[in-house]
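Trainee: start32.json (JSON, C-alpha atoms and all ligand atoms) pasted underneath:
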```
[["chain", "number", "residue", "atom", "x", "y", "z"],
["X", 12, "MET", "CA", 97.01, -227.05, -104.87],
["X", 13, "ILE", "CA", 100.16, -228.57, -103.38],
["X", 14, "TYR", "CA", 101.38, -226.56, -100.43],
["X", 15, "ILE", "CA", 105.04, -226.64, -99.48],
["X", 16, "VAL", "CA", 105.08, -225.77, -95.83],
["X", 17, "GLY", "CA", 107.46, -225.63, -92.87],
["X", 18, "HIS", "CA", 106.73, -225.84, -89.17],
["X", 19, "LYS", "CA", 104.73, -223.49, -86.95],
["X", 20, "ASN", "CA", 106.70, -220.53, -85.63],
["X", 21, "PRO", "CA", 108.85, -220.69, -88.77],
["X", 22, "ASP", "CA", 112.61, -220.17, -88.66],
["X", 23, "THR", "CA", 114.98, -219.27, -91.47],
["X", 24, "ASP", "CA", 115.66, -222.90, -92.48],
["X", 25, "SER", "CA", 111.94, -223.61, -92.70],
["X", 26, "ILE", "CA", 111.21, -220.56, -94.86],
["X", 27, "VAL", "CA", 114.13, -220.65, -97.27],
["X", 28, "SER", "CA", 113.82, -224.38, -97.88],
["X", 29, "CYS", "CA", 110.15, -223.94, -98.81],
["X", 30, "LEU", "CA", 111.00, -221.11, -101.18],
["X", 31, "VAL", "CA", 113.81, -222.89, -102.95],
["X", 32, "TRP", "CA", 111.97, -226.22, -103.11],
["X", 33, "GLN", "CA", 109.01, -224.44, -104.73],
["X", 34, "ASN", "CA", 111.30, -222.90, -107.37],
["X", 35, "TYR", "CA", 112.84, -226.29, -108.06],
["X", 36, "LYS", "CA", 109.49, -228.06, -108.38],
["X", 37, "ARG", "CA", 108.28, -225.40, -110.80],
["X", 38, "LYS", "CA", 111.45, -225.61, -112.87],
["X", 39, "ILE", "CA", 111.03, -229.36, -113.27],
["X", 40, "GLY", "CA", 107.46, -228.85, -114.46],
["X", 41, "LEU", "CA", 105.23, -229.06, -111.42],
["X", 42, "LYS", "CA", 103.25, -225.85, -111.72],
["X", 43, "ASN", "CA", 100.62, -226.09, -108.98],
["X", 44, "VAL", "CA", 102.98, -225.85, -106.01],
["X", 45, "LEU", "CA", 102.98, -222.96, -103.57],
["X", 46, "ALA", "CA", 105.40, -222.28, -100.73],
["X", 47, "VAL", "CA", 103.51, -221.01, -97.70],
["X", 48, "ARG", "CA", 104.14, -220.32, -94.03],
["X", 49, "ILE", "CA", 102.25, -220.76, -90.77],
["X", 50, "GLY", "CA", 102.79, -217.76, -88.55],
["X", 51, "GLU", "CA", 104.97, -214.66, -88.52],
["X", 52, "LEU", "CA", 108.62, -214.54, -89.52],
["X", 53, "ASN", "CA", 111.31, -213.92, -86.94],
["X", 54, "ARG", "CA", 113.67, -210.97, -87.39],
["X", 55, "GLU", "CA", 116.53, -213.02, -88.71],
["X", 56, "THR", "CA", 114.33, -214.45, -91.47],
["X", 57, "GLU", "CA", 112.95, -210.98, -92.26],
["X", 58, "PHE", "CA", 116.52, -209.82, -92.69],
["X", 59, "VAL", "CA", 117.40, -212.78, -94.92],
["X", 60, "LEU", "CA", 114.44, -212.17, -97.24],
["X", 61, "ARG", "CA", 115.36, -208.48, -97.47],
["X", 62, "PHE", "CA", 119.02, -209.29, -98.08],
["X", 63, "PHE", "CA", 118.22, -211.60, -100.99],
["X", 64, "ARG", "CA", 115.32, -209.42, -102.19],
["X", 65, "VAL", "CA", 112.74, -212.13, -101.89],
["X", 66, "LYS", "CA", 109.05, -211.61, -101.19],
["X", 67, "ASN", "CA", 107.59, -213.08, -98.04],
["X", 68, "LEU", "CA", 105.59, -216.28, -98.34],
["X", 69, "LYS", "CA", 101.84, -216.27, -98.18],
["X", 70, "GLU", "CA", 100.50, -217.20, -94.78],
["X", 71, "ILE", "CA", 97.91, -219.95, -94.44],
["X", 72, "LYS", "CA", 95.95, -220.78, -91.30],
["X", 73, "LYS", "CA", 94.75, -224.25, -92.19],
["X", 74, "VAL", "CA", 94.42, -226.82, -94.94],
["X", 75, "ASN", "CA", 91.71, -229.33, -95.77],
["X", 76, "LYS", "CA", 91.13, -232.79, -97.20],
["X", 77, "LYS", "CA", 91.53, -231.66, -100.80],
["X", 78, "ASP", "CA", 94.97, -230.17, -100.25],
["X", 79, "SER", "CA", 98.26, -231.94, -100.76],
["X", 80, "LEU", "CA", 101.22, -231.14, -98.55],
["X", 81, "ILE", "CA", 104.95, -231.25, -98.82],
["X", 82, "LEU", "CA", 106.27, -230.93, -95.28],
["X", 83, "LEU", "CA", 109.70, -229.41, -94.87],
["X", 84, "ASP", "CA", 111.74, -229.20, -91.69],
["X", 85, "HIS", "CA", 109.21, -231.09, -89.52],
["X", 86, "ASN", "CA", 107.22, -234.30, -89.37],
["X", 87, "LEU", "CA", 105.16, -233.97, -86.18],
["X", 88, "TYR", "CA", 101.48, -233.05, -86.53],
["X", 89, "GLN", "CA", 101.91, -230.92, -83.41],
["X", 90, "GLN", "CA", 104.20, -228.63, -85.38],
["X", 91, "ALA", "CA", 102.31, -228.82, -88.65],
["X", 92, "VAL", "CA", 99.61, -226.62, -90.15],
["X", 93, "GLU", "CA", 96.11, -227.14, -88.82],
["X", 94, "GLY", "CA", 94.30, -229.79, -90.85],
["X", 95, "ALA", "CA", 97.50, -231.60, -91.85],
["X", 96, "LYS", "CA", 96.12, -234.89, -90.54],
["X", 97, "GLU", "CA", 93.19, -234.73, -92.97],
["X", 98, "ALA", "CA", 95.20, -233.51, -95.96],
["X", 99, "GLU", "CA", 97.33, -235.76, -98.13],
["X", 100, "ILE", "CA", 101.03, -235.63, -97.32],
["X", 101, "ILE", "CA", 102.96, -236.48, -100.45],
["X", 102, "GLU", "CA", 106.52, -235.65, -99.47],
["X", 103, "VAL", "CA", 108.67, -234.89, -96.40],
["X", 104, "LEU", "CA", 112.20, -233.50, -96.18],
["X", 105, "ASP", "CA", 113.38, -233.27, -92.60],
["X", 106, "HIS", "CA", 116.24, -233.49, -90.13],
["X", 107, "HIS", "CA", 114.39, -234.06, -86.84],
["X", 108, "TYR", "CA", 113.56, -237.19, -84.90],
["X", 109, "LEU", "CA", 110.76, -239.32, -86.28],
["X", 110, "GLY", "CA", 107.37, -238.97, -84.67],
["X", 111, "ASP", "CA", 104.12, -240.83, -85.02],
["X", 112, "PHE", "CA", 103.87, -240.47, -88.72],
["X", 113, "GLN", "CA", 101.59, -242.60, -90.88],
["X", 114, "THR", "CA", 100.28, -242.39, -94.44],
["X", 115, "GLU", "CA", 97.96, -244.45, -96.61],
["X", 116, "LYS", "CA", 99.96, -244.23, -99.81],
["X", 117, "PRO", "CA", 103.69, -244.50, -100.48],
["X", 118, "ILE", "CA", 105.41, -241.14, -100.19],
["X", 119, "TYR", "CA", 108.81, -239.60, -100.83],
["X", 120, "TYR", "CA", 110.35, -239.25, -97.37],
["X", 121, "ARG", "CA", 113.90, -238.10, -96.85],
["X", 122, "SER", "CA", 115.30, -237.60, -93.41],
["X", 123, "GLU", "CA", 118.96, -237.14, -92.60],
["X", 124, "PRO", "CA", 120.72, -236.29, -89.36],
["X", 125, "VAL", "CA", 122.32, -233.18, -90.85],
["X", 126, "GLY", "CA", 122.37, -229.57, -89.71],
["X", 127, "SER", "CA", 119.47, -228.25, -91.72],
["X", 128, "THR", "CA", 116.75, -229.03, -94.23],
["X", 129, "SER", "CA", 118.50, -226.59, -96.57],
["X", 130, "THR", "CA", 121.45, -229.01, -96.54],
["X", 131, "ILE", "CA", 119.23, -231.86, -97.74],
["X", 132, "ILE", "CA", 117.82, -229.75, -100.57],
["X", 133, "ALA", "CA", 121.31, -228.77, -101.67],
["X", 134, "GLU", "CA", 122.34, -232.44, -101.58],
["X", 135, "ILE", "CA", 119.40, -233.35, -103.81],
["X", 136, "PHE", "CA", 120.41, -230.60, -106.25],
["X", 137, "LYS", "CA", 123.95, -231.90, -106.38],
["X", 138, "GLU", "CA", 122.82, -235.50, -106.84],
["X", 139, "ARG", "CA", 120.46, -234.52, -109.65],
["X", 140, "LYS", "CA", 123.02, -232.20, -111.26],
["X", 141, "PHE", "CA", 120.68, -229.25, -110.83],
["X", 142, "LYS", "CA", 122.45, -225.90, -110.67],
["X", 143, "PRO", "CA", 120.86, -223.48, -108.19],
["X", 144, "SER", "CA", 120.69, -219.81, -109.13],
["X", 145, "ARG", "CA", 122.87, -217.40, -107.18],
["X", 146, "LYS", "CA", 119.88, -216.38, -105.09],
["X", 147, "GLU", "CA", 118.71, -219.93, -104.43],
["X", 148, "ALA", "CA", 122.18, -220.96, -103.32],
["X", 149, "GLY", "CA", 122.39, -217.90, -101.05],
["X", 150, "LEU", "CA", 119.04, -218.65, -99.46],
["X", 151, "LEU", "CA", 120.03, -222.25, -98.75],
["X", 152, "LEU", "CA", 123.31, -221.04, -97.27],
["X", 153, "ALA", "CA", 121.37, -218.74, -94.96],
["X", 154, "GLY", "CA", 119.26, -221.72, -93.86],
["X", 155, "ILE", "CA", 122.38, -223.74, -93.05],
["X", 156, "ILE", "CA", 124.06, -220.83, -91.24],
["X", 157, "SER", "CA", 120.94, -220.22, -89.17],
["X", 158, "ASP", "CA", 120.32, -223.80, -88.08],
["X", 159, "THR", "CA", 123.98, -224.65, -87.40],
["X", 160, "LEU", "CA", 124.78, -221.29, -85.78],
["X", 161, "ASN", "CA", 127.33, -220.77, -88.53],
["X", 162, "PHE", "CA", 128.74, -224.30, -88.27],
["X", 163, "THR", "CA", 129.35, -224.15, -84.51],
["X", 164, "SER", "CA", 126.33, -226.06, -83.18],
["X", 165, "PRO", "CA", 126.91, -229.76, -82.41],
["X", 166, "THR", "CA", 124.23, -230.47, -85.01],
["X", 167, "THR", "CA", 126.76, -229.49, -87.70],
["X", 168, "THR", "CA", 128.08, -232.35, -89.82],
["X", 169, "GLU", "CA", 130.82, -232.69, -92.44],
["X", 170, "ILE", "CA", 128.02, -232.88, -95.01],
["X", 171, "ASP", "CA", 126.83, -229.39, -94.02],
["X", 172, "LYS", "CA", 130.33, -227.96, -94.41],
["X", 173, "LYS", "CA", 130.92, -229.63, -97.76],
["X", 174, "ILE", "CA", 127.56, -228.71, -99.21],
["X", 175, "ALA", "CA", 127.98, -225.11, -98.03],
["X", 176, "LYS", "CA", 131.23, -224.88, -99.98],
["X", 177, "TRP", "CA", 129.48, -226.24, -103.04],
["X", 178, "LEU", "CA", 126.60, -223.76, -102.61],
["X", 179, "ASN", "CA", 128.98, -220.85, -102.26],
["X", 180, "LYS", "CA", 130.40, -221.54, -105.72],
["X", 181, "PHE", "CA", 127.03, -220.26, -106.93],
["X", 182, "ALA", "CA", 126.21, -217.77, -104.15],
["X", 183, "LYS", "CA", 129.65, -216.10, -103.88],
["X", 184, "LEU", "CA", 128.97, -214.75, -100.39],
["X", 185, "ASN", "CA", 131.11, -213.68, -97.48],
["X", 186, "ILE", "CA", 129.66, -216.26, -95.10],
["X", 187, "LYS", "CA", 131.18, -214.81, -91.95],
["X", 188, "LYS", "CA", 129.72, -211.38, -92.65],
["X", 189, "LEU", "CA", 126.32, -212.76, -93.56],
["X", 190, "ALA", "CA", 126.25, -214.81, -90.34],
["X", 191, "GLU", "CA", 127.10, -211.74, -88.25],
["X", 192, "LYS", "CA", 124.31, -209.76, -89.83],
["X", 193, "MET", "CA", 121.83, -212.59, -89.37],
["X", 194, "PHE", "CA", 122.69, -213.10, -85.71],
["X", 195, "SER", "CA", 122.52, -209.41, -85.01],
["X", 196, "ALA", "CA", 119.03, -209.28, -86.58],
["X", 197, "LYS", "CA", 118.04, -212.35, -84.57],
["X", 198, "SER", "CA", 119.16, -210.69, -81.34],
["X", 199, "ASP", "CA", 117.12, -207.53, -81.80],
["X", 200, "ILE", "CA", 114.35, -207.63, -79.21],
["X", 201, "SER", "CA", 113.37, -203.96, -79.39],
["X", 202, "GLY", "CA", 109.61, -203.58, -79.25],
["X", 203, "LEU", "CA", 109.04, -207.24, -78.38],
["X", 204, "SER", "CA", 107.31, -208.37, -75.21],
["X", 205, "PHE", "CA", 108.56, -211.43, -73.35],
["X", 206, "LYS", "CA", 105.28, -213.08, -74.25],
["X", 207, "GLU", "CA", 106.24, -212.70, -77.91],
["X", 208, "ILE", "CA", 109.82, -213.77, -77.26],
["X", 209, "VAL", "CA", 108.93, -217.05, -75.54],
["X", 210, "SER", "CA", 106.30, -217.89, -78.17],
["X", 211, "LYS", "CA", 108.55, -217.26, -81.17],
["X", 212, "ASP", "CA", 110.83, -220.29, -81.39],
["X", 213, "TYR", "CA", 108.41, -222.46, -79.45],
["X", 214, "LYS", "CA", 108.00, -226.19, -80.06],
["X", 215, "GLU", "CA", 105.76, -228.76, -78.40],
["X", 216, "PHE", "CA", 106.48, -232.45, -77.96],
["X", 217, "ASN", "CA", 104.80, -235.52, -76.50],
["X", 218, "PHE", "CA", 106.80, -238.04, -74.54],
["X", 219, "LYS", "CA", 105.70, -240.58, -71.94],
["X", 220, "ASN", "CA", 102.17, -239.17, -71.93],
["X", 221, "LYS", "CA", 103.48, -235.73, -71.11],
["X", 222, "LYS", "CA", 102.96, -232.64, -73.19],
["X", 223, "LEU", "CA", 106.00, -230.47, -72.96],
["X", 224, "ALA", "CA", 107.34, -227.38, -74.69],
["X", 225, "ILE", "CA", 110.82, -226.02, -75.11],
["X", 226, "ALA", "CA", 111.04, -222.41, -76.17],
["X", 227, "VAL", "CA", 114.40, -221.21, -77.41],
["X", 228, "TRP", "CA", 115.86, -217.76, -77.94],
["X", 229, "GLU", "CA", 119.23, -217.57, -79.63],
["X", 230, "THR", "CA", 121.07, -214.32, -79.14],
["X", 231, "VAL", "CA", 124.43, -212.56, -79.16],
["X", 232, "LYS", "CA", 123.11, -210.23, -76.43],
["X", 233, "THR", "CA", 122.15, -212.25, -73.36],
["X", 234, "ASP", "CA", 122.52, -209.10, -71.25],
["X", 235, "SER", "CA", 119.13, -207.80, -72.31],
["X", 236, "PHE", "CA", 117.54, -210.75, -70.48],
["X", 237, "PHE", "CA", 119.24, -210.38, -67.13],
["X", 238, "GLY", "CA", 117.09, -208.74, -64.49],
["X", 239, "LYS", "CA", 113.94, -209.64, -66.46],
["X", 240, "GLU", "CA", 113.38, -213.00, -64.74],
["X", 241, "LYS", "CA", 110.00, -212.02, -63.35],
["X", 242, "GLU", "CA", 108.62, -211.03, -66.73],
["X", 243, "ILE", "CA", 110.05, -214.13, -68.40],
["X", 244, "PHE", "CA", 108.61, -216.55, -65.85],
["X", 245, "SER", "CA", 105.25, -214.83, -65.93],
["X", 246, "ALA", "CA", 105.15, -215.17, -69.74],
["X", 247, "LEU", "CA", 106.05, -218.86, -69.42],
["X", 248, "LYS", "CA", 103.34, -219.44, -66.84],
["X", 249, "LYS", "CA", 100.69, -217.97, -69.13],
["X", 250, "LEU", "CA", 101.90, -220.00, -72.08],
["X", 251, "LYS", "CA", 101.86, -223.20, -70.01],
["X", 252, "GLU", "CA", 98.27, -222.60, -68.96],
["X", 253, "LYS", "CA", 97.08, -221.57, -72.40],
["X", 254, "ASN", "CA", 98.53, -224.64, -74.12],
["X", 255, "HIS", "CA", 97.71, -227.11, -71.32],
["X", 256, "LEU", "CA", 101.31, -228.21, -70.93],
["X", 257, "ASP", "CA", 102.71, -230.49, -68.28],
["X", 258, "LEU", "CA", 106.11, -228.86, -68.55],
["X", 259, "ILE", "CA", 107.62, -225.75, -70.10],
["X", 260, "PHE", "CA", 111.26, -224.79, -70.49],
["X", 261, "PHE", "CA", 112.83, -221.68, -71.95],
["X", 262, "ALA", "CA", 116.41, -221.83, -73.15],
["X", 263, "LEU", "CA", 118.24, -218.58, -73.67],
["X", 264, "VAL", "CA", 121.13, -219.55, -75.93],
["X", 265, "ASP", "CA", 124.31, -217.52, -76.10],
["X", 266, "ILE", "CA", 125.41, -217.93, -79.72],
["X", 267, "LEU", "CA", 128.89, -216.54, -79.08],
["X", 268, "LYS", "CA", 129.82, -218.32, -75.86],
["X", 269, "LYS", "CA", 127.94, -221.52, -76.76],
["X", 270, "ASN", "CA", 126.08, -221.80, -73.47],
["X", 271, "ALA", "CA", 122.45, -221.76, -72.47],
["X", 272, "TYR", "CA", 120.44, -220.49, -69.54],
["X", 273, "LEU", "CA", 117.54, -222.82, -68.89],
["X", 274, "TYR", "CA", 114.52, -221.19, -67.26],
["X", 275, "CYS", "CA", 112.52, -223.82, -65.35],
["X", 276, "LEU", "CA", 109.05, -222.60, -64.46],
["X", 277, "THR", "CA", 108.40, -224.73, -61.37],
["X", 278, "GLU", "CA", 110.17, -227.23, -59.13],
["X", 279, "LYS", "CA", 108.92, -229.98, -61.47],
["X", 280, "GLU", "CA", 110.80, -228.61, -64.45],
["X", 281, "LYS", "CA", 113.83, -227.86, -62.31],
["X", 282, "GLU", "CA", 114.10, -231.37, -60.94],
["X", 283, "ILE", "CA", 114.00, -232.90, -64.41],
["X", 284, "ALA", "CA", 116.50, -230.40, -65.78],
["X", 285, "LYS", "CA", 118.91, -230.92, -62.90],
["X", 286, "LYS", "CA", 118.89, -234.66, -63.50],
["X", 287, "ALA", "CA", 119.14, -234.22, -67.26],
["X", 288, "PHE", "CA", 122.02, -231.78, -67.36],
["X", 289, "LEU", "CA", 123.59, -231.91, -63.91],
["X", 290, "GLY", "CA", 123.25, -228.17, -64.35],
["X", 291, "LYS", "CA", 124.20, -225.64, -61.76],
["X", 292, "GLU", "CA", 121.47, -223.35, -60.52],
["X", 293, "ILE", "CA", 122.70, -219.80, -60.80],
["X", 294, "LYS", "CA", 119.54, -218.04, -59.82],
["X", 295, "ASN", "CA", 116.11, -219.17, -58.67],
["X", 296, "ASN", "CA", 115.01, -221.75, -61.22],
["X", 297, "ILE", "CA", 117.60, -220.83, -63.84],
["X", 298, "LEU", "CA", 120.22, -223.42, -64.71],
["X", 299, "PHE", "CA", 123.45, -222.63, -66.51],
["X", 300, "LEU", "CA", 124.12, -225.24, -69.22],
["X", 301, "GLU", "CA", 127.70, -225.13, -70.35],
["X", 302, "GLY", "CA", 128.31, -226.04, -74.00],
["X", 303, "ILE", "CA", 124.66, -226.63, -74.70],
["X", 304, "VAL", "CA", 122.97, -224.82, -77.59],
["X", 305, "SER", "CA", 120.83, -227.30, -79.51],
["X", 306, "ARG", "CA", 117.26, -228.14, -78.56],
["X", 307, "LYS", "CA", 117.08, -230.97, -81.09],
["X", 308, "LYS", "CA", 120.33, -232.70, -80.26],
["X", 309, "GLN", "CA", 121.21, -231.72, -76.70],
["X", 310, "MET", "CA", 118.14, -230.55, -74.80],
["X", 311, "LEU", "CA", 115.16, -232.57, -75.93],
["X", 312, "PRO", "CA", 116.75, -236.05, -75.81],
["X", 313, "LYS", "CA", 118.02, -235.48, -72.25],
["X", 314, "ILE", "CA", 114.80, -233.97, -70.99],
["X", 315, "ALA", "CA", 112.72, -236.73, -72.61],
["X", 316, "ALA", "CA", 114.95, -239.43, -71.10],
["X", 317, "ASN", "CA", 114.47, -237.98, -67.62],
["X", 318, "LEU", "CA", 110.69, -237.72, -67.70],
["X", 319, "GLU", "CA", 108.84, -240.05, -65.37],
["X", 320, "ARG", "CA", 106.01, -242.10, -66.74],
["P", 401, "MN", "MN", 115.75, -226.91, -89.58]]
```
Go ahead and express the file in the form of structure tokens.
Ligand SMILES: [Mn+2]

Mentor:
Amino acid sequence: MIYIVGHKNPDTDSIVSCLVWQNYKRKIGLKNVLAVRIGELNRETEFVLRFFRVKNLKEIKKVNKKDSLILLDHNLYQQAVEGAKEAEIIEVLDHHYLGDFQTEKPIYYRSEPVGSTSTIIAEIFKERKFKPSRKEAGLLLAGIISDTLNFTSPTTTEIDKKIAKWLNKFAKLNIKKLAEKMFSAKSDISGLSFKEIVSKDYKEFNFKNKKLAIAVWETVKTDSFFGKEKEIFSALKKLKEKNHLDLIFFALVDILKKNAYLYCLTEKEKEIAKKAFLGKEIKNNILFLEGIVSRKKQMLPKIAANLER
């Protein structure tokens, strides 16, 4: 079996790109491919699958030597399914920085500094003169909208905007309305504990012999987080211990105002963040980061550059 799989703690881009890539592979004759996920969906992605009437992907916990993998939306083993190092990776489509990736055989690897993996898939379709179905085009649009915060994140490129226009010839969607609905679903934290919130969009990285994590929560309702500092920091502390991290950050991103609040667990995190962003501390160990929304493009590079060896 060839598994098409996105990163741990999957987001909308990860899920829809796996789904659409599976459909494409099957249409061009590759029958033994299966789109799968590692971990639970977030509420935005749940909404998107409902909206387009698509069934959820099958969850897998690990893979083994006999399995082949197509990795979408990631290339780090740290973010990949358990067992990925032993399995055979035959293809990667991604838009993140390159990690310590090595294979034994030649593989198809496509990485572009664009807003989403969905963008890359749509580009491939266009290049190969493959017409997506209305649903496939809509799913890819949702992936682009999610990752680029509806074309407002600094990760957005002209390619994303152009390819979205092309996709919408097939999808025929009101993009603004869809984005509003997605962001409102994403912001719903009813019934969620802060432990769940900080573990949802959680990614680990290794730089300069340090294991660090940046958890992100994008929302149109930052208000629901104010006054909850104690609970948030306590959830971060537990997560840091459980995963043996050197550093943990939590960025609460305001999708509408395009700012972030960076929760720094200890003085160590705070010192690095202050150097990295020249951020103003607004409350004990919380820095206000004006104009910063993207972990990939704005947070991680600055934090990594300010780590001490
Ligand atoms: Mn992505």

Trainee: Report as an NGL selection string all protein, DNA and RNA residues lying within 12 Å of segment 112-125 of chain X, evaluated on all atoms listed in the file, omitting residues in the same chain fewer than 6 positions from it.

Mentor: :X and (79-89 or 91 or 95-106 or 131-135 or 155 or 158-159 or 162 or 164-174 or 307-308)

Trainee: Just the number, please: distance in Å from atom CA of Asp199 of chain X to atom CA of Arg145 of chain X, one decimal.

Mentor: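 Going from atom CA of Asp199 of chain X over to atom CA of Arg145 of chain X covers 27.8 Å.
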
Trainee: Please identify all polymer residues within 9 Å of segment 287-294 of chain X, counting only C-alpha atoms, omitting same-chain residues fewer than 2 positions from it, and present them as a list in words.

Mentor: Glu282, Ile283, Ala284, Lys285, Asn296, Ile297, Leu298, Phe299, Leu300, Glu301, Met310, Lys313, Ile314, Ala315, Ala316 and Asn317 of chain X

Trainee: Calculate how many Å separate atom CA of Phe244 of chain X from atom CA of Leu276 of chain X, rounding to one decimal.

Mentor: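 So the answer is 6.2 Å.
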
Trainee: Within 9 Å of Gly17 of chain X, counting all atoms listed in the file, which residues show up once you throw out same-chain ones fewer than 3 positions away? Write them as number ranges by chain, please.

Mentor: X: 20-22, 24-26, 28-29, 46-49, 81-85, 90-92

Trainee: Please produce a file of those selected residues containing C-alpha atoms, as a PDB file, in the frame of the given file.

Mentor:
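The new file out_11.pdb reads:
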```
ATOM      1  CA  ASN X  20     106.700-220.530 -85.630  1.00  0.00           C
ATOM      2  CA  PRO X  21     108.850-220.690 -88.770  1.00  0.00           C
ATOM      3  CA  ASP X  22     112.610-220.170 -88.660  1.00  0.00           C
ATOM      4  CA  ASP X  24     115.660-222.900 -92.480  1.00  0.00           C
ATOM      5  CA  SER X  25     111.940-223.610 -92.700  1.00  0.00           C
ATOM      6  CA  ILE X  26     111.210-220.560 -94.860  1.00  0.00           C
ATOM      7  CA  SER X  28     113.820-224.380 -97.880  1.00  0.00           C
ATOM      8  CA  CYS X  29     110.150-223.940 -98.810  1.00  0.00           C
ATOM      9  CA  ALA X  46     105.400-222.280-100.730  1.00  0.00           C
ATOM     10  CA  VAL X  47     103.510-221.010 -97.700  1.00  0.00           C
ATOM     11  CA  ARG X  48     104.140-220.320 -94.030  1.00  0.00           C
ATOM     12  CA  ILE X  49     102.250-220.760 -90.770  1.00  0.00           C
ATOM     13  CA  ILE X  81     104.950-231.250 -98.820  1.00  0.00           C
ATOM     14  CA  LEU X  82     106.270-230.930 -95.280  1.00  0.00           C
ATOM     15  CA  LEU X  83     109.700-229.410 -94.870  1.00  0.00           C
ATOM     16  CA  ASP X  84     111.740-229.200 -91.690  1.00  0.00           C
ATOM     17  CA  HIS X  85     109.210-231.090 -89.520  1.00  0.00           C
ATOM     18  CA  GLN X  90     104.200-228.630 -85.380  1.00  0.00           C
ATOM     19  CA  ALA X  91     102.310-228.820 -88.650  1.00  0.00           C
ATOM     20  CA  VAL X  92      99.610-226.620 -90.150  1.00  0.00           C
TER      21      VAL X  92
END
```
